[in-house]
$ cat entry.txt   # compact mmCIF, C-alpha atoms
# COMPACT_ATOMS: atom_id res chain seq x y z
CA MET A 1 71.93 98.41 98.64
CA ALA A 2 72.81 97.67 95.10
CA ASP A 3 70.25 95.70 93.19
CA ARG A 4 72.79 93.60 91.37
CA LEU A 5 75.82 91.56 92.31
CA SER A 6 79.36 91.76 91.03
CA LEU A 7 80.82 88.34 90.46
CA GLU A 8 84.41 87.29 89.97
CA ILE A 9 85.49 83.72 89.38
CA ALA A 10 89.19 82.98 89.36
CA THR A 11 91.37 79.90 89.26
CA PRO A 12 95.11 79.78 89.93
CA THR A 13 95.79 80.13 86.21
CA ARG A 14 93.17 82.58 85.02
CA LEU A 15 90.28 84.88 85.66
CA VAL A 16 87.31 82.89 84.37
CA ALA A 17 84.53 85.44 84.72
CA ALA A 18 84.02 88.99 85.89
CA GLU A 19 80.41 90.05 85.47
CA THR A 20 77.55 91.97 86.97
CA VAL A 21 74.79 89.49 87.63
CA ASP A 22 71.38 89.16 89.22
CA GLU A 23 71.62 85.82 90.93
CA ILE A 24 74.21 83.16 91.67
CA VAL A 25 73.90 79.57 92.78
CA ILE A 26 77.11 78.10 94.17
CA PRO A 27 77.99 74.53 95.09
CA GLY A 28 79.28 74.97 98.64
CA SER A 29 80.95 72.14 100.51
CA GLN A 30 77.85 71.95 102.72
CA GLY A 31 75.41 72.10 99.83
CA TYR A 32 74.26 74.47 97.13
CA PHE A 33 73.40 78.00 98.16
CA GLY A 34 71.91 80.91 96.28
CA VAL A 35 73.05 84.49 96.49
CA LEU A 36 70.82 87.46 95.75
CA PRO A 37 71.64 91.12 96.26
CA GLY A 38 71.70 92.07 99.93
CA HIS A 39 73.15 88.77 101.10
CA ALA A 40 74.99 88.77 104.43
CA ALA A 41 78.79 88.48 104.53
CA PHE A 42 79.51 84.85 104.01
CA LEU A 43 82.59 82.71 103.62
CA THR A 44 82.57 79.08 102.70
CA THR A 45 84.50 76.31 101.04
CA LEU A 46 83.41 75.01 97.66
CA GLY A 47 82.37 71.52 96.83
CA ILE A 48 82.26 69.97 93.41
CA GLY A 49 79.40 70.89 91.17
CA GLU A 50 77.72 73.28 88.89
CA LEU A 51 77.79 77.00 89.47
CA MET A 52 75.05 79.05 87.87
CA TYR A 53 74.84 82.77 87.45
CA ARG A 54 71.95 84.62 85.93
CA ILE A 55 72.12 87.88 84.02
CA GLY A 56 68.57 89.00 83.30
CA ARG A 57 67.02 85.88 81.83
CA ASP A 58 70.26 84.30 80.66
CA GLU A 59 71.60 81.54 82.81
CA HIS A 60 75.28 80.71 82.58
CA TYR A 61 76.79 77.52 83.87
CA LEU A 62 80.27 76.54 84.98
CA VAL A 63 81.59 73.42 86.56
CA VAL A 64 83.76 74.22 89.57
CA ALA A 65 85.70 72.08 91.99
CA ASN A 66 87.10 72.95 95.42
CA GLY A 67 88.13 76.34 96.67
CA PHE A 68 86.29 79.19 98.35
CA ALA A 69 83.48 81.60 97.91
CA GLU A 70 83.18 84.93 99.63
CA VAL A 71 80.10 87.12 99.67
CA ARG A 72 80.53 90.62 100.97
CA ASN A 73 78.76 93.88 100.20
CA ASP A 74 77.13 92.43 97.10
CA LYS A 75 80.49 91.32 95.80
CA VAL A 76 80.94 87.62 95.24
CA ILE A 77 84.38 86.15 94.78
CA VAL A 78 84.77 82.53 93.82
CA LEU A 79 88.27 81.08 94.03
CA ALA A 80 88.12 77.60 92.58
CA ASP A 81 90.82 75.05 91.90
CA THR A 82 89.22 74.48 88.50
CA ALA A 83 86.40 76.19 86.68
CA GLU A 84 85.29 75.36 83.16
CA ARG A 85 82.56 76.56 80.88
CA PRO A 86 80.46 73.87 79.18
CA GLU A 87 82.18 74.36 75.82
CA GLU A 88 85.60 73.95 77.43
CA ILE A 89 84.86 70.56 78.90
CA ASP A 90 86.57 67.56 77.36
CA ARG A 91 83.64 65.20 77.40
CA ALA A 92 85.56 62.11 76.33
CA ARG A 93 88.08 62.64 79.09
CA ALA A 94 85.34 63.10 81.67
CA GLU A 95 83.67 59.88 80.51
CA ARG A 96 86.91 57.99 80.83
CA ALA A 97 87.43 59.43 84.31
CA ARG A 98 83.90 58.43 85.30
CA ASP A 99 84.38 54.85 84.08
CA ARG A 100 87.70 54.56 85.81
CA ALA A 101 86.30 55.85 89.10
CA GLU A 102 83.26 53.59 88.89
CA ARG A 103 85.44 50.59 88.27
CA ARG A 104 87.58 51.42 91.28
CA LEU A 105 84.60 51.99 93.53
CA SER A 106 82.90 48.80 92.41
CA GLY A 107 85.61 46.83 94.16
CA ARG A 108 86.44 44.87 91.04
CA ALA A 109 89.68 46.68 90.45
CA ASP A 110 92.86 44.84 91.28
CA GLU A 111 94.85 47.78 92.50
CA GLU A 112 94.70 49.33 95.93
CA VAL A 113 91.90 51.88 95.89
CA ASP A 114 92.01 55.25 97.57
CA TYR A 115 88.31 55.58 98.24
CA GLN A 116 88.23 59.29 98.91
CA ARG A 117 90.16 60.06 95.79
CA ALA A 118 88.06 57.82 93.62
CA LEU A 119 84.89 59.35 95.02
CA ALA A 120 86.14 62.86 94.35
CA ALA A 121 87.17 61.87 90.84
CA LEU A 122 83.75 60.43 90.22
CA ALA A 123 82.05 63.57 91.52
CA ARG A 124 84.20 65.75 89.28
CA ALA A 125 83.55 63.62 86.23
CA LEU A 126 79.79 63.58 86.81
CA ALA A 127 79.68 67.32 87.40
CA ARG A 128 81.63 67.90 84.18
CA LEU A 129 79.32 65.67 82.17
CA LEU A 130 76.26 67.35 83.62
CA THR A 131 77.54 70.78 82.75
CA ALA A 132 78.80 69.69 79.35
CA GLY A 133 75.26 68.46 78.65
CA ARG A 134 74.07 72.08 78.83
CA ILE A 135 75.29 72.79 75.31
CA ARG A 136 72.91 72.36 72.38
CA MET B 1 148.52 91.83 58.87
CA ALA B 2 145.74 89.34 58.36
CA THR B 3 145.15 88.30 54.83
CA LEU B 4 141.97 89.19 53.03
CA ARG B 5 140.73 85.67 53.22
CA ASP B 6 141.31 85.49 57.00
CA ILE B 7 139.27 88.62 57.55
CA GLN B 8 136.54 87.36 55.32
CA ARG B 9 136.39 84.11 57.25
CA ARG B 10 136.07 85.98 60.52
CA ILE B 11 133.29 88.16 59.18
CA ARG B 12 131.39 85.10 58.12
CA SER B 13 131.86 83.46 61.49
CA VAL B 14 130.62 86.52 63.36
CA GLN B 15 127.70 86.76 60.98
CA SER B 16 126.58 83.25 61.73
CA THR B 17 126.88 83.88 65.46
CA GLN B 18 124.77 86.95 64.98
CA LYS B 19 122.14 84.90 63.22
CA ILE B 20 121.96 82.60 66.21
CA THR B 21 121.77 85.36 68.78
CA ARG B 22 119.10 87.13 66.76
CA ALA B 23 117.03 83.95 66.52
CA MET B 24 117.41 83.36 70.26
CA LYS B 25 116.30 86.89 70.92
CA LEU B 26 113.16 86.44 68.83
CA VAL B 27 112.33 83.14 70.50
CA ALA B 28 112.82 84.65 73.96
CA ALA B 29 110.62 87.61 73.03
CA ALA B 30 107.79 85.35 71.92
CA LYS B 31 108.03 83.19 75.02
CA LEU B 32 108.27 86.25 77.20
CA ARG B 33 104.97 87.53 75.90
CA ARG B 34 103.27 84.26 76.78
CA ALA B 35 104.86 84.15 80.21
CA GLN B 36 103.77 87.70 80.92
CA GLU B 37 100.21 86.89 79.94
CA ARG B 38 100.22 83.97 82.32
CA ILE B 39 101.37 86.14 85.18
CA LEU B 40 98.67 88.66 84.45
CA ALA B 41 96.07 85.90 84.25
CA ALA B 42 97.14 84.43 87.57
CA ARG B 43 97.24 87.72 89.42
CA PRO B 44 93.52 88.08 90.28
CA TYR B 45 93.45 84.74 92.05
CA ALA B 46 96.57 85.45 94.06
CA ALA B 47 95.38 88.93 94.99
CA LYS B 48 91.94 87.77 96.14
CA MET B 49 93.52 84.91 98.01
CA GLY B 50 95.77 87.30 99.92
CA GLU B 51 92.83 89.54 100.71
CA LEU B 52 90.71 86.65 101.91
CA LEU B 53 93.53 85.33 104.02
CA GLY B 54 94.05 88.72 105.65
CA ASN B 55 90.38 89.05 106.49
CA LEU B 56 90.11 85.52 107.75
CA VAL B 57 93.18 85.60 109.96
CA THR B 58 92.06 88.89 111.48
CA ALA B 59 88.54 87.62 112.02
CA ALA B 60 89.55 84.19 113.24
CA SER B 61 92.27 85.30 115.62
CA GLY B 62 89.58 87.15 117.57
CA SER B 63 87.55 84.02 118.11
CA ASP B 64 88.66 80.86 119.87
CA GLY B 65 92.30 81.47 118.98
CA ALA B 66 92.06 79.69 115.65
CA GLN B 67 95.77 79.05 115.42
CA HIS B 68 97.06 77.09 112.54
CA PRO B 69 100.40 75.26 112.52
CA LEU B 70 101.39 76.90 109.22
CA LEU B 71 101.10 80.30 110.88
CA GLU B 72 103.00 79.34 113.98
CA GLN B 73 106.36 81.04 114.45
CA ARG B 74 108.94 78.64 115.78
CA GLU B 75 112.28 79.56 117.25
CA GLY B 76 114.13 76.70 115.62
CA PRO B 77 117.31 77.27 113.63
CA ARG B 78 116.70 74.90 110.75
CA ARG B 79 116.25 76.91 107.64
CA GLN B 80 115.45 75.61 104.20
CA ILE B 81 116.38 77.72 101.22
CA VAL B 82 114.72 77.21 97.88
CA ILE B 83 116.78 78.50 94.99
CA ILE B 84 115.00 79.04 91.71
CA THR B 85 117.04 79.45 88.52
CA ALA B 86 116.66 78.59 84.88
CA ASP B 87 117.77 75.36 83.25
CA LYS B 88 119.77 77.19 80.62
CA GLY B 89 122.28 79.99 80.56
CA LEU B 90 122.85 82.68 77.95
CA ALA B 91 120.67 85.01 79.93
CA GLY B 92 123.13 87.54 81.27
CA ALA B 93 123.50 87.59 85.03
CA PHE B 94 120.08 86.04 85.56
CA ASN B 95 121.23 82.81 87.16
CA SER B 96 124.34 84.06 88.90
CA ASN B 97 122.42 86.89 90.60
CA VAL B 98 120.10 84.45 92.30
CA ILE B 99 122.87 82.03 93.11
CA ARG B 100 124.87 84.81 94.73
CA ARG B 101 121.86 86.09 96.65
CA ALA B 102 121.25 82.61 97.97
CA LEU B 103 124.90 82.23 98.97
CA ASP B 104 124.63 85.40 101.06
CA LEU B 105 121.57 84.00 102.77
CA ILE B 106 123.23 80.67 103.44
CA ARG B 107 126.25 82.38 104.98
CA GLN B 108 123.99 84.43 107.23
CA SER B 109 122.22 81.30 108.37
CA ASN B 110 123.52 78.66 110.67
CA THR B 111 125.21 76.67 107.96
CA THR B 112 125.06 73.26 109.57
CA GLU B 113 121.31 73.53 109.82
CA VAL B 114 120.66 74.79 106.31
CA THR B 115 119.10 72.54 103.74
CA LEU B 116 118.57 73.43 100.11
CA VAL B 117 115.99 72.73 97.49
CA VAL B 118 117.21 73.59 94.02
CA VAL B 119 114.90 74.36 91.16
CA GLY B 120 116.42 74.67 87.72
CA ARG B 121 119.51 73.01 86.34
CA LYS B 122 121.82 75.98 86.91
CA ALA B 123 121.14 76.06 90.65
CA ARG B 124 121.50 72.31 90.93
CA ASP B 125 124.80 72.21 89.07
CA PHE B 126 126.21 75.00 91.19
CA TYR B 127 125.17 73.75 94.62
CA ARG B 128 125.80 70.11 93.89
CA ARG B 129 129.52 70.82 94.03
CA ARG B 130 129.18 72.64 97.35
CA PRO B 131 129.08 71.21 100.87
CA TRP B 132 125.43 71.91 101.69
CA THR B 133 122.70 69.31 101.82
CA ILE B 134 120.37 69.32 98.86
CA LYS B 135 117.09 67.81 99.93
CA ARG B 136 115.40 67.89 96.60
CA ASP B 137 115.82 69.15 93.07
CA MET B 138 113.46 69.86 90.25
CA ILE B 139 114.72 70.41 86.71
CA ALA B 140 113.66 70.25 83.08
CA PHE B 141 110.05 71.24 83.64
CA TRP B 142 110.15 74.92 82.67
CA ASP B 143 108.81 74.35 79.16
CA ARG B 144 105.61 72.94 80.57
CA LEU B 145 105.40 74.81 83.85
CA ALA B 146 101.98 74.19 85.37
CA TYR B 147 100.25 74.71 88.68
CA SER B 148 100.87 71.06 89.47
CA HIS B 149 104.62 71.69 89.66
CA ALA B 150 104.00 74.39 92.24
CA SER B 151 101.64 72.13 94.20
CA GLU B 152 104.18 69.38 94.28
CA LEU B 153 106.89 71.64 95.65
CA ALA B 154 104.60 73.47 98.05
CA ASP B 155 103.19 70.24 99.45
CA TYR B 156 106.69 68.99 100.02
CA PHE B 157 107.62 72.15 101.94
CA MET B 158 104.50 72.01 104.05
CA GLU B 159 104.96 68.36 104.85
CA GLN B 160 108.49 68.93 106.08
CA TYR B 161 107.43 71.97 108.01
CA LEU B 162 104.54 70.22 109.71
CA ASP B 163 106.71 67.23 110.49
CA GLY B 164 109.09 69.59 112.24
CA GLU B 165 112.01 68.81 109.97
CA VAL B 166 112.52 72.47 109.12
CA ASP B 167 111.58 75.63 110.96
CA GLU B 168 111.60 78.12 108.13
CA VAL B 169 111.35 77.97 104.38
CA HIS B 170 112.62 80.80 102.21
CA LEU B 171 112.39 81.30 98.47
CA VAL B 172 115.15 82.98 96.49
CA TYR B 173 114.19 83.79 92.93
CA ASN B 174 114.25 86.44 90.25
CA GLU B 175 111.37 88.82 90.43
CA PHE B 176 110.11 90.07 87.11
CA ARG B 177 110.10 93.86 87.33
CA SER B 178 110.04 94.67 83.64
CA VAL B 179 111.31 93.19 80.40
CA ALA B 180 114.79 94.53 81.02
CA VAL B 181 114.87 94.34 84.82
CA GLN B 182 114.86 91.26 87.02
CA ARG B 183 115.70 91.50 90.66
CA PRO B 184 116.78 88.64 92.89
CA VAL B 185 114.49 88.58 95.92
CA ARG B 186 114.08 86.55 99.04
CA GLU B 187 110.73 85.70 100.51
CA GLN B 188 109.71 83.81 103.57
CA LEU B 189 107.28 81.11 102.58
CA LEU B 190 106.83 79.28 105.88
CA PRO B 191 105.72 80.00 108.46
CA ILE B 192 103.28 82.21 106.62
CA PRO B 193 104.33 85.71 107.63
CA ARG B 194 101.73 87.63 109.58
CA ARG B 195 101.08 91.04 108.24
CA ALA B 196 101.96 93.76 110.66
CA GLU B 197 99.05 94.59 112.93
CA GLY B 198 96.73 97.13 111.40
CA GLU B 199 98.51 96.98 108.06
CA SER B 200 95.73 95.09 106.39
CA GLY B 201 93.67 97.95 107.76
CA ALA B 202 90.42 96.49 106.56
CA GLU B 203 87.58 96.52 109.03
CA ALA B 204 87.16 93.09 110.51
CA VAL B 205 84.34 91.60 108.46
CA ASP B 206 81.77 89.71 110.46
CA TYR B 207 81.36 86.68 108.24
CA LEU B 208 79.01 83.81 108.48
CA TYR B 209 81.22 80.79 108.11
CA GLU B 210 80.35 77.49 106.62
CA PRO B 211 81.31 75.11 108.05
CA ASN B 212 83.61 77.12 110.40
CA PRO B 213 86.69 79.36 110.34
CA LYS B 214 89.06 76.55 111.22
CA THR B 215 88.02 74.33 108.32
CA ILE B 216 88.21 77.22 105.92
CA LEU B 217 91.66 78.15 107.20
CA ASP B 218 92.74 74.52 106.77
CA GLU B 219 91.77 74.73 103.12
CA LEU B 220 92.96 78.24 102.51
CA LEU B 221 96.47 78.17 103.92
CA PRO B 222 97.85 75.29 101.82
CA ARG B 223 96.38 76.89 98.73
CA HIS B 224 97.96 80.16 99.67
CA VAL B 225 101.37 78.50 99.93
CA ARG B 226 100.91 76.77 96.58
CA THR B 227 99.90 80.02 94.98
CA GLN B 228 102.99 81.73 96.37
CA VAL B 229 105.23 79.06 94.92
CA PHE B 230 103.41 79.15 91.60
CA ARG B 231 103.82 82.90 91.40
CA ALA B 232 107.53 82.68 92.20
CA LEU B 233 107.99 80.09 89.45
CA MET B 234 106.15 82.22 86.92
CA GLU B 235 108.05 85.34 87.87
CA SER B 236 111.29 83.47 87.40
CA LEU B 237 110.21 82.09 84.04
CA ALA B 238 109.20 85.49 82.70
CA GLY B 239 112.38 86.96 84.13
CA GLU B 240 114.46 84.33 82.41
CA TYR B 241 113.01 85.15 79.01
CA GLY B 242 113.36 88.86 79.66
CA ALA B 243 116.98 88.43 80.67
CA ARG B 244 117.74 86.22 77.70
CA MET B 245 116.09 88.61 75.31
CA THR B 246 118.12 91.53 76.65
CA ALA B 247 121.34 89.52 76.64
CA MET B 248 120.81 88.29 73.11
CA GLU B 249 119.93 91.74 71.89
CA ALA B 250 123.19 93.04 73.30
CA ALA B 251 125.04 90.13 71.72
CA THR B 252 123.44 90.84 68.35
CA LYS B 253 124.44 94.47 68.63
CA ASN B 254 128.00 93.57 69.58
CA ALA B 255 128.20 91.22 66.62
CA LYS B 256 127.09 94.00 64.34
CA GLU B 257 129.76 96.31 65.70
CA MET B 258 132.35 93.63 65.22
CA ILE B 259 131.24 93.04 61.66
CA ASP B 260 131.50 96.78 60.96
CA VAL B 261 135.04 96.92 62.31
CA LEU B 262 136.05 93.84 60.39
CA THR B 263 134.48 95.17 57.20
CA ILE B 264 136.52 98.36 57.47
CA GLN B 265 139.62 96.27 58.07
CA TYR B 266 138.75 94.17 55.07
CA ASN B 267 138.26 97.18 52.82
CA LYS B 268 141.51 98.72 53.99
CA ALA B 269 143.40 95.53 53.35
CA ARG B 270 141.83 95.23 49.93
CA GLN B 271 142.70 98.86 49.10
CA GLU B 272 146.26 98.26 50.21
CA LYS B 273 146.52 95.23 48.02
CA ILE B 274 145.21 97.10 45.00
CA THR B 275 147.59 99.98 45.64
CA LYS B 276 150.45 97.56 45.88
CA GLU B 277 149.48 95.90 42.64
CA LEU B 278 149.16 99.25 40.92
CA LEU B 279 152.59 100.23 42.13
CA ASP B 280 153.95 96.98 40.79
CA ILE B 281 152.38 97.57 37.40
CA VAL B 282 153.50 101.17 37.23
CA GLY B 283 156.96 100.17 38.38
CA GLY B 284 157.07 97.40 35.77
CA ALA B 285 155.90 99.73 33.02
CA GLU B 286 158.44 102.32 34.05
CA ALA B 287 161.21 99.72 33.90
CA LEU B 288 160.09 98.58 30.45
CA LYS B 289 160.00 102.16 29.19
CA GLN B 290 163.52 102.79 30.43
CA GLY B 291 164.66 99.53 28.82
CA ALA B 292 163.20 100.62 25.43
CA GLU B 293 164.84 104.04 25.58
CA ALA B 294 168.19 102.58 26.29
$ encode --input "entry.txt" --output "structure tokens"
Amino acid sequence: MADRLSLEIATPTRLVAAETVDEIVIPGSQGYFGVLPGHAAFLTTLGIGELMYRIGRDEHYLVVANGFAEVRNDKVIVLADTAERPEEIDRARAERARDRAERRLSGRADEEVDYQRALAALARALARLLTAGRIR
Amino acid sequence: MATLRDIQRRIRSVQSTQKITRAMKLVAAAKLRRAQERILAARPYAAKMGELLGNLVTAASGSDGAQHPLLEQREGPRRQIVIITADKGLAGAFNSNVIRRALDLIRQSNTTEVTLVVVGRKARDFYRRRPWTIKRDMIAFWDRLAYSHASELADYFMEQYLDGEVDEVHLVYNEFRSVAVQRPVREQLLPIPRRAEGESGAEAVDYLYEPNPKTILDELLPRHVRTQVFRALMESLAGEYGARMTAMEAATKNAKEMIDVLTIQYNKARQEKITKELLDIVGGAEALKQGAEA
């Protein structure tokens, strides 16, 4: 059993991270789960949220949305629809998206509202803002 | 014999053509580099996706027959052919190769049941004048090709497939082999082809699933299809730039050869003119001399 994990995070357009890490916390569709070396083979869908991986004492954060995670023989592969590091997040855009989604969900909007979509948009915006807040 | 001025005019005209072809070559080379980088960047995702899919289908087919409609082979005759070309020409045989490959495929198919989706202006303009039904076209997006374009197309294919409007979807596009080589290829997109038994070879991994294999398959398969379409689009884009670069390089070289030939012609004509003038002068002088002696 290896005492570290190899982690790869990819989106359709790029490889976001390829690292050897000590611990990973992933936002699964059924809730957050942590992965340490020696984890059983595991396959799940991703939710929307903040992914954390730890190398030694350094914690790195990414905001990810939808996709899959596979854990197998101490190899973790995360295939996300989007994955952004805190410094890549467009905070103003996320704020606008949050406001828009909140307005739609509040029922005050005039247009026809797709509830699921608005909820997902809100979740994405909030996750982005949370992760963006990690800088400084 | 062309006059000096005619030859000079032709040289200048070829020179300005050469300037254009050289500029086009440089532009294509720069764009090619970017397109290649994008393919390389997208490869890990596609590769892992394929791997995951292989494992999952193997693992899930053992259990409660987790069949998915996108994997289901139907015996229907209705084939949809997706033809991917560039919007612009001046890229050698790039567009015509794919168009011809697609024509072969159409002729092999039951033509009354074939429907087409054309991507790129060249494919649209060609097939628009032909008797087959074009269900959808997509043009003028290559400059800002993004994953969303692939999703849009892929979702359209899947919708039709699941609604039972078509029984097979095939892609015909240029595969990017190397800068100088593009090859027209055909690929079955839907139903998702099963790998031959045992080919994936990997030991069936005993996963824990969350929430369950079926849900994961439901999420994975559409993404797989979108990724396939995205890859095909990117291959075609890189291929287009590669083909244009090669074509424009050849054109630049041909222009240079032409200029060389014309320059020789020009020099010869000039030499002839000078010789003729000299002869005139000598002849004139000779005549004068004889006149003085007389």
$ atom_distance --input "entry.txt" --atom1 "CA of Ser29 (chain A)" --atom2 "CA of Asp206 (chain B)"
20.2 Å
$ residues_around --input "entry.txt" --residues "region 156-160 of chain B" --least-positions-apart "3" --cutoff "8 Å" --atoms "only C-alpha atoms" --output "list in words"
Leu70, Glu152, Leu153, Asp163, Gly164, Glu165, Val166, Val169, Leu190 and Pro222 of chain B
$ closest_residue --input "entry.txt" --among "A:Leu15, A:Ala65, A:Arg117, A:Ala83" --to "Arg104 (chain A)" --atoms "all atoms listed in the file"
A:Arg117
$ closest_residue --input "entry.txt" --among "B:Ala292, B:Ala35, B:Ala247, B:Ala285" --to "chain A" --atoms "only C-alpha atoms"
B:Ala35
$ atom_distance --input "entry.txt" --atom1 "CA of Ser109 (chain B)" --atom2 "CA of Arg79 (chain B)"
7.4 Å
$ interface_residues --input "entry.txt" --of "chain A" --to "chain B" --cutoff "7 Å" --atoms "only C-alpha atoms" --output "ChimeraX atom specification"
/A:10-15,41-45,79
$ closest_residue --input "entry.txt" --among "B:Gly76, B:Pro184, B:Gly50, B:Gly89" --to "Gly120 (chain B)" --atoms "only C-alpha atoms"
B:Gly89
$ atom_distance --input "entry.txt" --atom1 "CA of Ala93 (chain B)" --atom2 "CA of Ser16 (chain B)"
23.9 Å
$ closest_residue --input "entry.txt" --among "A:Leu119, A:Val71, A:Ile55, A:Val63" --to "Gly34 (chain A)" --atoms "only C-alpha atoms"
A:Val71
$ residues_around --input "entry.txt" --residues "Gly49 (chain A)" --least-positions-apart "2" --cutoff "9 Å" --atoms "all atoms listed in the file" --output "PDB file with C-alpha atoms, in the coordinates of the input"
ATOM      1  CA  ILE A  26      77.110  78.100  94.170  1.00  0.00           C
ATOM      2  CA  PRO A  27      77.990  74.530  95.090  1.00  0.00           C
ATOM      3  CA  GLY A  28      79.280  74.970  98.640  1.00  0.00           C
ATOM      4  CA  TYR A  32      74.260  74.470  97.130  1.00  0.00           C
ATOM      5  CA  LEU A  46      83.410  75.010  97.660  1.00  0.00           C
ATOM      6  CA  GLY A  47      82.370  71.520  96.830  1.00  0.00           C
ATOM      7  CA  LEU A  51      77.790  77.000  89.470  1.00  0.00           C
ATOM      8  CA  LEU A  62      80.270  76.540  84.980  1.00  0.00           C
ATOM      9  CA  VAL A  63      81.590  73.420  86.560  1.00  0.00           C
ATOM     10  CA  VAL A  64      83.760  74.220  89.570  1.00  0.00           C
ATOM     11  CA  ALA A  65      85.700  72.080  91.990  1.00  0.00           C
ATOM     12  CA  ALA A 123      82.050  63.570  91.520  1.00  0.00           C
ATOM     13  CA  ARG A 124      84.200  65.750  89.280  1.00  0.00           C
ATOM     14  CA  LEU A 126      79.790  63.580  86.810  1.00  0.00           C
ATOM     15  CA  ALA A 127      79.680  67.320  87.400  1.00  0.00           C
ATOM     16  CA  ARG A 128      81.630  67.900  84.180  1.00  0.00           C
ATOM     17  CA  LEU A 130      76.260  67.350  83.620  1.00  0.00           C
ATOM     18  CA  THR A 131      77.540  70.780  82.750  1.00  0.00           C
TER      19      THR A 131
END
